[in-house]
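Engineer: Structure incoming, see below.
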Amino acid sequence: MFNRITLISLLIALALMLYYVEGIIPPLPGLPWTRLGLTNLVTLLSLVFLSFKETFFIVLFRVVVGTLITGIFLTPPFWLSLAGAVTSTLTMGLVYYHSSKRKASCLIPSLSSRKKCFSTAASEINPPLESENKYPSPKKGPFFSLVGISVVGAVVHNLTQLTVVAEFYVRSTSTFLLTPFMIFTGLIAGFITGILAEFVLQRLEKNLL
Amino acid sequence: MRWKQVFLFLTPGDKFLIILIFLLGSLNMVILPRIISPGSYLLIEASGKTTRFSLNDSRIVFISGRKGNLELEIASGKVRVRQANCPNQICVRSGWISRTGQTIICVPNQVILRIEGEALSPVDAVGY
């Protein structure tokens, strides 16, 4: 039913739209440079549904085309956004594949390989015979939910941008005084986008299966 | 959307991570200002020579420009031109400067005052 390429292009279109909509929203008073990072939602979803290579491709494509749309291609904001996107995607992929591979990647059967799906299925972690007959065993889910991955990604994204700014544009160590600010805003924004991603995933699970 | 539902998503790993990052941020908030001092020194370019002054102590500095003397006042991390005998008095009206990168320029006297931070890299400028 689903084609991989269709899904990739769908996610890219979604990411571009979110990127544009986010640019329209005026910044919060007192926090001039902060954005929610709604495009992170698409990165999280594509990590769940697709492979890491495809996620990386989606992110790169989104950065290039998004900045072409808003007219900041090859200007300082573009390099900042590229650096942040690359490092945060790498980190999120690393965390995701090491600690919280989830059953949801089998949500669309034609997309995920059979072996990958059924080896991480819950039936193998908890043998059904024991858990069904006796008391229900505690859930053995992923170590991090999408919230944790999103928080890690957002914080890494912010710190990368801060480092790039300090190294290439301001060239002063006093830029790093903003580090706690960056960490806290990343924490809040990552939490919100992670929760949103979990909600989206829940809806998809209900409606697709 | 119920708010209790939000916290159902969090695994123990998530909670641990959020607390860890929060602690990291607080730790940074305490430690970083002690390591990094903002706006470190004042750079004065006058009559072909450049001199540096620390911004931490407060004092009054006299510079001889092309047309006459400039009287600078340095006080707790900021600096201004208090008196100058140039026709337009633009340098005096610039007021206090305190952040890295801010400048006061007096054209008739050919004096440039600039606040500089600690340089990270040996590169002079980046063009884009």
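By convention here, the chains of the structure tokens are called A, B, ... in the order presented, each chain's residues are numbered starting at 1, and ligands are numbered starting at 1 in the order presented.
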Could you list, as a ChimeraX atom specification, every residue of chain A that has an atom within 10 Å of an atom of chain B, counting only C-alpha atoms?

Structural biologist: /A:74-76,99-100,141-149,151-152,155,166-184,186-188,191-192,194-196,198-199

Engineer: Enumerate, as a PyMOL selection string, the complete set of residues in segment 19-107 of chain B that a backbone-based DSSP assignment places in helix (DSSP H, G or I).

Structural biologist: chain B and resi 19-35+90-93

Engineer: Convert the current residue selection to file output with C-alpha atoms, as a PDB file, in the first residue's frame.

Structural biologist:
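As written to disk, result36.pdb reads:
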```pdb
ATOM      1  CA  ILE B  19      16.646  15.642  35.341  1.00  0.00           C
ATOM      2  CA  LEU B  20      20.232  15.083  34.164  1.00  0.00           C
ATOM      3  CA  ILE B  21      19.994  17.812  31.512  1.00  0.00           C
ATOM      4  CA  PHE B  22      18.342  20.155  33.985  1.00  0.00           C
ATOM      5  CA  LEU B  23      21.200  19.596  36.444  1.00  0.00           C
ATOM      6  CA  LEU B  24      23.717  20.109  33.638  1.00  0.00           C
ATOM      7  CA  GLY B  25      22.116  23.443  32.772  1.00  0.00           C
ATOM      8  CA  SER B  26      22.090  24.591  36.392  1.00  0.00           C
ATOM      9  CA  LEU B  27      25.710  23.525  36.832  1.00  0.00           C
ATOM     10  CA  ASN B  28      26.648  25.524  33.732  1.00  0.00           C
ATOM     11  CA  MET B  29      24.804  28.511  35.108  1.00  0.00           C
ATOM     12  CA  VAL B  30      26.906  28.409  38.265  1.00  0.00           C
ATOM     13  CA  ILE B  31      30.292  27.517  36.812  1.00  0.00           C
ATOM     14  CA  LEU B  32      30.475  29.307  33.463  1.00  0.00           C
ATOM     15  CA  PRO B  33      30.374  32.936  34.685  1.00  0.00           C
ATOM     16  CA  ARG B  34      33.369  32.178  36.881  1.00  0.00           C
ATOM     17  CA  ILE B  35      35.434  30.827  33.994  1.00  0.00           C
ATOM     18  CA  ILE B  90      29.829  62.627  18.358  1.00  0.00           C
ATOM     19  CA  CYS B  91      32.179  60.534  20.456  1.00  0.00           C
ATOM     20  CA  VAL B  92      30.932  62.150  23.660  1.00  0.00           C
ATOM     21  CA  ARG B  93      27.307  61.686  22.665  1.00  0.00           C
TER      22      ARG B  93
END
```

Engineer: Which value, in Å to one decimal, gives the distance between atom CA of Leu47 of chain A and atom CA of Tyr96 of chain A?

Structural biologist: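 Between these atoms lies a distance of 7.8 Å.
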
Engineer: Compare A:Leu68, A:Leu44, A:Val164, A:Ala154 by their minimum atom-to-atom distance to Gly190 of chain A, counting only C-alpha atoms, and give me the closest one.

Structural biologist: A:Ala154

Engineer: Quick one: residues within 12 Å of segment 68-84 of chain B, only C-alpha atoms, excluding same-chain residues fewer than 4 positions away - as a PyMOL selection string?

Structural biologist: chain B and resi 37-44+46-47+53-64+88-100+102-117

Engineer: Residues as selected, C-alpha atoms, written as a compact mmCIF listing (two decimals), in the first residue's frame, can you do that?

Structural biologist:
```txt
# COMPACT_ATOMS: atom_id res chain seq x y z
CA SER B 37 34.62 37.01 31.93
CA PRO B 38 32.45 39.10 29.63
CA GLY B 39 33.83 41.96 27.54
CA SER B 40 37.43 41.70 28.53
CA TYR B 41 39.44 44.69 27.33
CA LEU B 42 39.34 48.00 25.58
CA LEU B 43 41.29 48.52 22.38
CA ILE B 44 42.33 52.08 21.58
CA ALA B 46 45.02 56.51 18.13
CA SER B 47 47.70 58.15 16.03
CA PHE B 53 43.23 48.60 28.71
CA SER B 54 41.56 46.25 31.10
CA LEU B 55 37.92 47.14 31.68
CA ASN B 56 37.72 45.82 35.20
CA ASP B 57 39.29 48.67 37.13
CA SER B 58 37.83 52.14 36.97
CA ARG B 59 40.01 55.04 35.97
CA ILE B 60 40.41 58.01 33.66
CA VAL B 61 42.63 57.85 30.59
CA PHE B 62 43.89 60.71 28.44
CA ILE B 63 44.64 60.11 24.77
CA SER B 64 46.19 62.59 22.40
CA ASN B 88 30.69 67.63 16.51
CA GLN B 89 31.15 65.87 19.86
CA ILE B 90 29.83 62.63 18.36
CA CYS B 91 32.18 60.53 20.46
CA VAL B 92 30.93 62.15 23.66
CA ARG B 93 27.31 61.69 22.66
CA SER B 94 27.88 57.97 21.92
CA GLY B 95 27.66 57.41 25.65
CA TRP B 96 28.72 54.28 27.48
CA ILE B 97 29.71 51.12 25.64
CA SER B 98 30.11 47.82 27.43
CA ARG B 99 29.58 44.84 25.11
CA THR B 100 32.10 43.08 22.92
CA GLN B 102 30.78 47.98 20.36
CA THR B 103 32.80 50.96 19.16
CA ILE B 104 33.19 54.68 19.67
CA ILE B 105 34.81 56.49 16.78
CA CYS B 106 36.06 60.03 16.73
CA VAL B 107 36.79 60.98 13.13
CA PRO B 108 38.49 64.39 13.53
CA ASN B 109 40.86 63.00 16.14
CA GLN B 110 41.30 59.70 14.25
CA VAL B 111 40.61 57.64 17.36
CA ILE B 112 38.82 54.31 17.50
CA LEU B 113 37.74 52.70 20.77
CA ARG B 114 36.59 49.11 20.59
CA ILE B 115 35.70 46.52 23.22
CA GLU B 116 37.12 43.10 22.48
CA GLY B 117 36.53 39.71 24.04
```

Engineer: So how far away is atom CA of Ala189 of chain A from atom CA of Gly37 of chain A, in Å?

Structural biologist: 6.9 Å

Engineer: Could you pull out the strand (DSSP E or B) residues of segment 1-75 of chain B from DSSP and send them as a ChimeraX atom specification?

Structural biologist: /B:41-46,49-54,59-64,69-75

Engineer: Just to be explicit: take each residue in the selection above, keep C-alpha atoms, and write the result as a CSV table (one decimal), in the first residue's frame.

Structural biologist:
```csv
chain,number,residue,atom,x,y,z
B,41,TYR,CA,39.4,44.7,27.3
B,42,LEU,CA,39.3,48.0,25.6
B,43,LEU,CA,41.3,48.5,22.4
B,44,ILE,CA,42.3,52.1,21.6
B,45,GLU,CA,43.6,53.0,18.2
B,46,ALA,CA,45.0,56.5,18.1
B,49,LYS,CA,49.2,53.0,17.7
B,50,THR,CA,47.0,50.5,19.4
B,51,THR,CA,46.9,50.1,23.1
B,52,ARG,CA,44.9,47.9,25.4
B,53,PHE,CA,43.2,48.6,28.7
B,54,SER,CA,41.6,46.3,31.1
B,59,ARG,CA,40.0,55.0,36.0
B,60,ILE,CA,40.4,58.0,33.7
B,61,VAL,CA,42.6,57.8,30.6
B,62,PHE,CA,43.9,60.7,28.4
B,63,ILE,CA,44.6,60.1,24.8
B,64,SER,CA,46.2,62.6,22.4
B,69,ASN,CA,43.1,65.4,23.9
B,70,LEU,CA,40.3,62.9,24.6
B,71,GLU,CA,39.3,62.1,28.2
B,72,LEU,CA,38.1,58.5,28.6
B,73,GLU,CA,36.3,57.3,31.6
B,74,ILE,CA,36.5,53.5,32.4
B,75,ALA,CA,34.2,52.3,35.1
```

Engineer: Record the distance separating atom CA of Leu162 of chain A and atom CA of Ile69 of chain A, expressed in Å with one decimal.

Structural biologist: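 Taking atom CA of Leu162 of chain A and atom CA of Ile69 of chain A, their separation equals 24.3 Å.
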